[in-house]
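Pasted below: data07.txt, compact mmCIF, C-alpha atoms.
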# COMPACT_ATOMS: atom_id res chain seq x y z
CA MET A 1 0.82 -26.92 -19.49
CA ASN A 2 -0.30 -23.99 -17.45
CA GLY A 3 2.90 -23.96 -15.42
CA GLY A 4 5.04 -22.84 -18.37
CA ASP A 5 2.69 -20.04 -19.33
CA GLU A 6 2.58 -18.87 -15.76
CA ALA A 7 6.36 -18.76 -15.47
CA GLY A 8 6.57 -16.82 -18.76
CA ARG A 9 4.09 -14.29 -17.52
CA LEU A 10 6.23 -13.74 -14.45
CA VAL A 11 9.64 -13.65 -16.04
CA ARG A 12 8.82 -11.72 -19.20
CA PRO A 13 8.37 -8.32 -17.53
CA PHE A 14 12.02 -8.44 -16.48
CA THR A 15 13.14 -8.40 -20.11
CA LEU A 16 12.00 -4.76 -19.97
CA THR A 17 14.63 -4.10 -17.34
CA GLY A 18 17.44 -5.86 -19.20
CA GLY A 19 17.25 -8.73 -16.72
CA ARG A 20 17.74 -6.53 -13.67
CA THR A 21 15.58 -7.59 -10.74
CA ARG A 22 16.54 -4.89 -8.27
CA PRO A 23 16.46 -1.11 -8.62
CA ALA A 24 19.77 0.75 -8.62
CA ARG A 25 18.54 3.00 -5.83
CA GLY A 26 15.87 2.81 -3.20
CA ASP A 27 14.00 5.97 -4.09
CA PHE A 28 10.66 4.36 -4.74
CA THR A 29 8.02 3.17 -2.31
CA LEU A 30 4.48 2.09 -3.22
CA ILE A 31 3.20 5.60 -2.52
CA THR A 32 6.09 7.66 -3.86
CA MET A 33 4.51 10.29 -6.10
CA VAL A 34 6.02 10.42 -9.60
CA THR A 35 5.62 13.24 -12.14
CA ALA A 36 7.04 13.56 -15.66
CA VAL A 37 9.26 16.61 -15.97
CA ASP A 38 7.65 19.11 -18.30
CA PRO A 39 9.18 19.99 -20.68
CA GLN A 40 11.26 16.83 -21.05
CA PRO A 41 15.02 17.44 -21.05
CA ALA A 42 16.41 18.16 -24.50
CA GLY A 43 18.96 15.78 -25.99
CA GLY A 44 19.75 12.35 -24.60
CA THR A 45 18.46 9.12 -26.07
CA ARG A 46 14.81 8.71 -26.95
CA PRO A 47 12.95 6.81 -24.23
CA GLN A 48 12.13 3.17 -24.97
CA PRO A 49 8.45 2.37 -25.56
CA GLU A 50 7.82 1.17 -21.99
CA HIS A 51 9.58 4.21 -20.57
CA ALA A 52 7.49 6.40 -22.87
CA ARG A 53 4.35 4.69 -21.53
CA ILE A 54 5.39 5.54 -17.99
CA LEU A 55 6.04 9.16 -18.92
CA LYS A 56 2.58 9.37 -20.46
CA LEU A 57 0.94 7.91 -17.34
CA CYS A 58 2.79 10.27 -15.01
CA ALA A 59 2.08 13.45 -16.95
CA LYS A 60 0.03 14.22 -13.82
CA PRO A 61 1.36 13.12 -10.41
CA ILE A 62 0.72 9.42 -9.76
CA VAL A 63 1.98 6.99 -7.09
CA VAL A 64 4.13 3.98 -7.97
CA ALA A 65 1.44 1.44 -7.04
CA GLU A 66 -1.08 3.05 -9.41
CA LEU A 67 1.54 3.28 -12.15
CA ALA A 68 2.20 -0.45 -11.83
CA THR A 69 -1.51 -1.17 -12.10
CA GLY A 70 -1.84 1.12 -15.12
CA LEU A 71 1.07 -0.57 -16.84
CA ASP A 72 -0.03 -4.05 -15.69
CA LEU A 73 3.52 -4.70 -14.52
CA PRO A 74 4.93 -5.72 -11.12
CA VAL A 75 5.99 -2.85 -8.86
CA SER A 76 9.51 -4.32 -8.81
CA VAL A 77 9.80 -3.95 -12.59
CA VAL A 78 8.31 -0.46 -12.62
CA THR A 79 10.69 0.84 -9.93
CA ILE A 80 13.71 -0.28 -11.99
CA MET A 81 12.41 1.62 -15.01
CA LEU A 82 11.63 4.64 -12.82
CA CYS A 83 15.26 4.65 -11.66
CA ASP A 84 16.32 4.91 -15.31
CA LEU A 85 13.93 7.81 -15.87
CA LEU A 86 15.02 9.58 -12.69
CA GLU A 87 18.66 9.30 -13.68
CA ALA A 88 17.83 10.66 -17.13
CA GLY A 89 16.15 13.66 -15.45
CA ARG A 90 12.80 12.81 -17.01
CA ILE A 91 10.76 12.48 -13.82
CA SER A 92 10.59 14.15 -10.44
CA VAL A 93 9.60 12.30 -7.30
CA ARG A 94 7.91 13.24 -4.07
CA GLN A 95 8.56 10.90 -1.17
CA PRO A 96 5.78 10.22 1.33
CA SER A 97 6.19 11.72 4.80
CA MET A 98 7.86 9.22 7.10
CA ILE A 99 5.04 9.57 9.56
CA SER A 100 5.82 6.51 11.65
CA ARG A 101 9.15 8.04 12.66
CA THR A 102 8.00 11.60 13.28
CA PRO A 103 4.29 11.98 14.05
CA ASP A 104 2.91 15.02 12.27
CA LEU A 105 -0.13 16.22 14.18
CA ASP A 106 -1.27 18.63 11.45
CA LEU A 107 -1.14 15.90 8.83
CA LEU A 108 -3.07 13.48 11.05
CA LYS A 109 -5.75 16.11 11.72
CA LYS A 110 -6.02 16.81 8.02
CA VAL A 111 -6.62 13.13 7.27
CA ARG A 112 -9.08 12.88 10.19
CA ASP A 113 -11.08 15.90 8.95
CA GLY A 114 -11.04 14.59 5.39
CA LEU A 115 -12.46 11.24 6.48
CA GLY A 116 -15.09 13.06 8.50
CA ARG A 117 -16.30 14.73 5.31
CA LEU A 118 -16.77 11.42 3.46
CA MET B 1 13.58 34.21 -8.22
CA ALA B 2 10.80 32.34 -9.97
CA GLY B 3 13.01 30.24 -12.22
CA SER B 4 15.32 29.03 -9.46
CA ASP B 5 13.38 25.86 -8.59
CA PRO B 6 14.53 23.13 -10.98
CA THR B 7 11.66 20.73 -10.19
CA PRO B 8 8.46 22.71 -9.64
CA GLN B 9 6.38 19.56 -10.35
CA ALA B 10 7.75 17.82 -7.31
CA THR B 11 6.47 20.47 -4.95
CA SER B 12 3.04 20.76 -6.54
CA ALA B 13 2.45 16.99 -6.41
CA PRO B 14 0.06 15.93 -3.65
CA ASP B 15 1.33 14.24 -0.51
CA ALA B 16 0.48 10.56 -0.13
CA VAL B 17 -0.14 8.63 3.09
CA LYS B 18 -1.21 5.05 3.66
CA ILE B 19 -3.07 2.88 6.10
CA LEU B 20 -2.79 -0.91 6.09
CA ILE B 21 -5.83 -3.13 6.24
CA ALA B 22 -4.66 -6.41 7.76
CA GLY B 23 -6.08 -9.63 9.14
CA GLY B 24 -6.40 -13.27 8.20
CA PHE B 25 -7.31 -14.72 4.85
CA GLY B 26 -10.88 -13.94 3.75
CA VAL B 27 -11.71 -11.66 6.65
CA GLY B 28 -13.00 -8.81 4.46
CA LYS B 29 -9.90 -6.72 3.73
CA THR B 30 -10.59 -6.21 0.03
CA THR B 31 -14.28 -5.64 0.77
CA MET B 32 -13.38 -2.85 3.16
CA VAL B 33 -10.91 -1.27 0.73
CA GLY B 34 -13.60 -1.38 -1.97
CA SER B 35 -16.26 0.14 0.28
CA VAL B 36 -14.35 3.34 1.10
CA SER B 37 -12.16 3.73 -1.97
CA GLU B 38 -13.13 6.36 -4.54
CA ILE B 39 -11.87 3.99 -7.25
CA VAL B 40 -12.52 0.30 -7.87
CA PRO B 41 -9.78 -1.40 -5.82
CA LEU B 42 -6.63 -1.79 -7.87
CA ARG B 43 -4.39 -4.81 -7.83
CA THR B 44 -0.71 -5.21 -8.44
CA GLU B 45 0.93 -8.59 -8.63
CA GLU B 46 4.50 -9.22 -7.60
CA PRO B 47 6.35 -12.29 -8.77
CA LEU B 48 7.41 -14.21 -5.68
CA THR B 49 10.66 -15.15 -7.39
CA THR B 50 12.13 -11.66 -7.09
CA ALA B 51 10.31 -10.32 -4.08
CA SER B 52 11.37 -13.28 -1.96
CA LEU B 53 14.94 -13.90 -3.06
CA GLY B 54 16.44 -15.98 -0.31
CA VAL B 55 13.06 -16.64 1.24
CA ASP B 56 11.44 -19.18 -1.04
CA ASP B 57 13.69 -21.32 -3.18
CA LEU B 58 11.52 -22.33 -6.09
CA ASP B 59 14.29 -24.51 -7.57
CA GLY B 60 13.87 -27.04 -4.81
CA ILE B 61 10.21 -27.61 -5.59
CA PRO B 62 9.62 -30.51 -7.99
CA GLU B 63 6.56 -28.93 -9.61
CA LYS B 64 8.03 -25.47 -10.06
CA GLN B 65 5.11 -23.40 -8.91
CA ALA B 66 5.52 -19.82 -10.02
CA THR B 67 3.62 -17.68 -7.54
CA THR B 68 2.55 -14.09 -7.29
CA VAL B 69 1.54 -12.03 -4.33
CA ALA B 70 -1.44 -9.83 -5.04
CA LEU B 71 -1.79 -6.47 -3.35
CA ASP B 72 -5.16 -4.76 -3.41
CA PHE B 73 -5.36 -1.08 -2.74
CA GLY B 74 -7.77 1.83 -2.88
CA ARG B 75 -7.59 5.61 -2.79
CA ILE B 76 -9.33 8.39 -0.87
CA SER B 77 -8.54 11.96 -1.91
CA ILE B 78 -8.32 14.28 1.11
CA GLY B 79 -8.63 17.66 -0.56
CA GLN B 80 -6.33 18.90 -3.33
CA ASP B 81 -2.94 18.13 -1.88
CA LEU B 82 -3.31 14.93 0.14
CA VAL B 83 -4.22 11.40 -0.89
CA LEU B 84 -4.85 8.49 1.46
CA TYR B 85 -4.12 4.98 0.17
CA LEU B 86 -5.48 1.83 1.78
CA PHE B 87 -3.43 -1.31 1.24
CA GLY B 88 -4.88 -4.72 1.98
CA THR B 89 -2.02 -6.88 3.26
CA PRO B 90 -1.59 -10.35 1.77
CA GLY B 91 -3.44 -12.78 4.03
CA GLN B 92 -1.32 -15.89 3.87
CA GLN B 93 1.54 -16.18 6.34
CA ARG B 94 4.04 -17.11 3.65
CA PHE B 95 3.78 -13.65 2.15
CA TRP B 96 4.83 -11.91 5.32
CA PHE B 97 8.16 -10.82 3.98
CA MET B 98 6.13 -8.18 2.09
CA TRP B 99 4.64 -6.77 5.25
CA ASN B 100 7.84 -5.06 6.31
CA ASP B 101 7.97 -3.10 3.06
CA LEU B 102 4.28 -2.32 3.33
CA ALA B 103 4.57 -1.12 6.90
CA ILE B 104 7.27 1.47 6.17
CA GLY B 105 5.73 4.93 6.34
CA ALA B 106 2.23 3.70 7.17
CA LEU B 107 0.15 5.94 9.46
CA GLY B 108 -1.16 2.83 11.16
CA ALA B 109 -3.26 -0.23 10.55
CA VAL B 110 -6.71 -1.69 10.93
CA VAL B 111 -6.67 -5.37 11.89
CA LEU B 112 -9.87 -7.05 10.78
CA VAL B 113 -11.24 -9.86 12.91
CA ASP B 114 -13.85 -12.46 12.04
CA VAL B 115 -15.36 -13.62 15.35
CA ARG B 116 -16.01 -17.08 13.88
CA ARG B 117 -12.24 -17.60 13.60
CA PRO B 118 -10.41 -14.87 15.54
CA GLU B 119 -7.20 -16.93 15.55
CA SER B 120 -6.69 -16.08 11.86
CA SER B 121 -5.90 -12.50 12.91
CA PHE B 122 -3.48 -13.31 15.77
CA ALA B 123 -0.44 -13.12 13.52
CA ALA B 124 -1.39 -9.65 12.24
CA ILE B 125 -1.91 -8.35 15.80
CA ASP B 126 1.49 -9.75 16.77
CA PHE B 127 3.18 -8.15 13.80
CA PHE B 128 1.97 -4.62 14.58
CA GLU B 129 2.43 -4.96 18.35
CA ARG B 130 6.04 -6.05 17.96
CA ARG B 131 6.89 -3.24 15.58
CA GLY B 132 5.08 -0.59 17.61
CA ILE B 133 2.80 0.28 14.70
CA PRO B 134 -0.47 1.77 15.98
CA PHE B 135 -3.62 -0.15 15.08
CA VAL B 136 -7.28 -0.59 15.92
CA ILE B 137 -9.39 -3.74 15.71
CA GLY B 138 -12.30 -3.84 13.28
CA VAL B 139 -14.68 -6.71 13.93
CA ASN B 140 -16.35 -7.50 10.65
CA GLY B 141 -19.77 -9.00 11.41
CA PHE B 142 -20.89 -11.91 9.28
CA HIS B 143 -23.99 -10.56 7.49
CA GLY B 144 -23.47 -7.47 9.65
CA GLU B 145 -24.34 -9.35 12.84
CA HIS B 146 -22.38 -8.93 16.05
CA PRO B 147 -22.96 -11.66 18.64
CA TYR B 148 -20.14 -10.42 20.93
CA GLU B 149 -19.41 -7.19 22.77
CA PRO B 150 -16.12 -5.31 22.22
CA ASP B 151 -15.02 -6.22 25.77
CA ASP B 152 -15.47 -9.95 25.07
CA ILE B 153 -13.41 -9.65 21.90
CA ARG B 154 -10.70 -7.62 23.60
CA GLU B 155 -10.41 -10.34 26.20
CA ALA B 156 -10.45 -13.18 23.66
CA LEU B 157 -7.63 -11.50 21.73
CA ALA B 158 -5.68 -10.63 24.91
CA LEU B 159 -5.64 -6.96 23.95
CA PRO B 160 -4.91 -4.09 26.34
CA GLU B 161 -7.88 -2.16 27.74
CA HIS B 162 -7.18 0.99 25.76
CA MET B 163 -7.19 -0.85 22.41
CA PRO B 164 -10.15 0.39 20.32
CA VAL B 165 -12.35 -2.51 19.16
CA LEU B 166 -14.94 -1.43 16.60
CA LEU B 167 -17.89 -3.55 15.54
CA PHE B 168 -18.51 -2.79 11.89
CA ASP B 169 -19.66 -4.04 8.51
CA ALA B 170 -16.98 -4.08 5.78
CA ARG B 171 -19.69 -3.77 3.12
CA GLU B 172 -20.85 -0.39 4.44
CA ARG B 173 -18.96 2.73 3.43
CA THR B 174 -19.81 4.82 6.49
CA SER B 175 -19.10 1.88 8.77
CA CYS B 176 -15.61 1.49 7.26
CA ARG B 177 -15.06 5.24 7.42
CA ASP B 178 -15.84 5.21 11.16
CA VAL B 179 -13.20 2.52 11.74
CA LEU B 180 -10.61 4.65 9.92
CA ILE B 181 -11.65 7.71 11.94
CA ALA B 182 -11.21 5.70 15.16
CA LEU B 183 -7.66 4.86 14.06
CA LEU B 184 -6.92 8.53 13.31
CA ASP B 185 -8.35 9.59 16.69
CA GLN B 186 -6.06 7.06 18.33
CA LEU B 187 -3.05 8.40 16.37
CA ILE B 188 -3.89 12.01 17.18
CA ALA B 189 -4.31 11.22 20.89
CA ALA B 190 -0.97 9.38 20.91
CA SER B 191 0.96 12.14 19.16
CA ALA B 192 -0.55 14.85 21.36
CA ARG B 193 0.67 12.99 24.44
Taking this structure as input, can you express it in the form of structure tokens?
Amino acid sequence: MNGGDEAGRLVRPFTLTGGRTRPARGDFTLITMVTAVDPQPAGGTRPQPEHARILKLCAKPIVVAELATGLDLPVSVVTIMLCDLLEAGRISVRQPSMISRTPDLDLLKKVRDGLGRL
Amino acid sequence: MAGSDPTPQATSAPDAVKILIAGGFGVGKTTMVGSVSEIVPLRTEEPLTTASLGVDDLDGIPEKQATTVALDFGRISIGQDLVLYLFGTPGQQRFWFMWNDLAIGALGAVVLVDVRRPESSFAAIDFFERRGIPFVIGVNGFHGEHPYEPDDIREALALPEHMPVLLFDARERTSCRDVLIALLDQLIAASAR
């Protein structure tokens, strides 16, 4: 009965989010850079184990897609937990430049030169 | 005042940009990502049940088939403060609802073409053309062989004359790098216009 196992593997991660399947806010893209705030805010409730795992992984800046891979969880689950952490003031985020709307020549040249050095 | 910035981490974090590697199923997307990435390509899996709410109704399927969409991606560090991510787009048409999310904020795309079955990349070309997302064509030679000239391929794919068509080998790092550079050159030329 592979089907049942497969469904469990898919549904189980959402128990970590209390059954929520959508983030409360749209702050997170695949390449949004996330960093744990250091030092962590005093007071408040202690982070749950999965939240603590995220904080450990983002001690140095890391993008959401890599976090999801590191946690072995779907991006959709990770973004919900990141919303919790952002609201608790435990992480800071850096959004990617919205290049497709406003072309940034300097940024493009930087990427071009970087590739040239590979 | 030094202590006035409440989130110094946010400003010291590197900037991230992404390029999509698209094309039909089995055309060499993951191979290309793996060839240029500084890390072994990473994979995230999204349950289709949440990502496609309202798109695929699994309840109606007798044999409830739980499905995931796998996303493969790689990383290239461009100096200290800039990281380029390459995302291989899911090949099968039914996962296209994910493409919109993937396309947001992308610098551009590389559409990979296998000359033995170019039609498998038509849908990807359409997608980027319609959304005005800049792209170049990378023709991935089977065993590195290229029986056709770029002009022939441009014609077969009904592409405009200015569209860069690169013959390359997805297994070769420098070959993949050159395709990415061609995309950047295209982007730079377009934004300088």
* chain B residues within 6 Å of chain A, counting only C-alpha atoms: which ones, as a PyMOL selection string? -> chain B and resi 10+13+16+44-47+66+78+105+184
Kindly export the residues of the current selection with C-alpha atoms, as a tab-separated table (two decimals), in the frame of the given file.
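Dumped to part.tsv:
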chain	number	residue	atom	x	y	z
B	10	ALA	CA	7.75	17.82	-7.31
B	13	ALA	CA	2.45	16.99	-6.41
B	16	ALA	CA	0.48	10.56	-0.13
B	44	THR	CA	-0.71	-5.21	-8.44
B	45	GLU	CA	0.93	-8.59	-8.63
B	46	GLU	CA	4.50	-9.22	-7.60
B	47	PRO	CA	6.35	-12.29	-8.77
B	66	ALA	CA	5.52	-19.82	-10.02
B	78	ILE	CA	-8.32	14.28	1.11
B	105	GLY	CA	5.73	4.93	6.34
B	184	LEU	CA	-6.92	8.53	13.31
* Which residue, B:Leu180, B:Asn100, B:Leu82, B:Ile153, has the smallest gap to Ile21 (chain B) when you use only C-alpha atoms? ->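 Ranking B:Leu180, B:Asn100, B:Leu82, B:Ile153 by distance to Ile21 (chain B), first place goes to B:Leu180.
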* Asked: So which residues touch Glu50 (chain A) within 10 Å, counting all atoms listed in the file, skipping near sequence neighbours fewer than 4 positions away, as a list in words?
  ->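 Close residues of Glu50 (chain A): Leu16, Thr17, Ile54, Leu55, Lys56, Leu71, Val78 and Met81 of chain A.
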* **Straight-line distance linking CA of Pro14 (chain B) with CA of Ile188 (chain B), stated in Å to one decimal** => 21.6 Å
* Using only C-alpha atoms, which of the listed residues (B:Pro150, B:Pro164, B:Pro90, B:Gly132) sits closest to Gly28 (chain B)? ->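 Among the listed residues, the smallest separation from Gly28 (chain B) belongs to B:Pro90.
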* Long-range neighbours of region 109-124 of chain B as a PyMOL selection string, 9 Å cut-off, all atoms listed in the file, 2 positions minimum in chain -> chain B and resi 18-29+93+103+106-107+126-129+133-142+146-148+153+156-157+179-180+183
* **Close residues, Val36 (chain B) itself excluded, 8 Å, all atoms listed in the file, min 3 positions apart in chain, as a ChimeraX atom specification** => /B:32-33,74,76,173-174,176-177
* One decimal, Å: what's the distance from CA of Glu38 (chain B) over to CA of Leu102 (chain B), could you say? =>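 For CA of Glu38 (chain B) relative to CA of Leu102 (chain B), the distance reads 21.0 Å.
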* Measure the distance from CA of Thr30 (chain B) to CA of Asp72 (chain B) in Å and round it to one decimal. => 6.6 Å
* Asked: In terms of the shortest atom-to-atom distance over all atoms listed in the file, which of A:Pro23, A:Pro49, A:Gly18, A:Gly44 is closest to Thr79 (chain A)?
  -> A:Pro23
* **Shell around His143 (chain B) at 12 Å using only C-alpha atoms, local window under 6 positions removed, as a ChimeraX atom specification** => /B:28,114,168-172
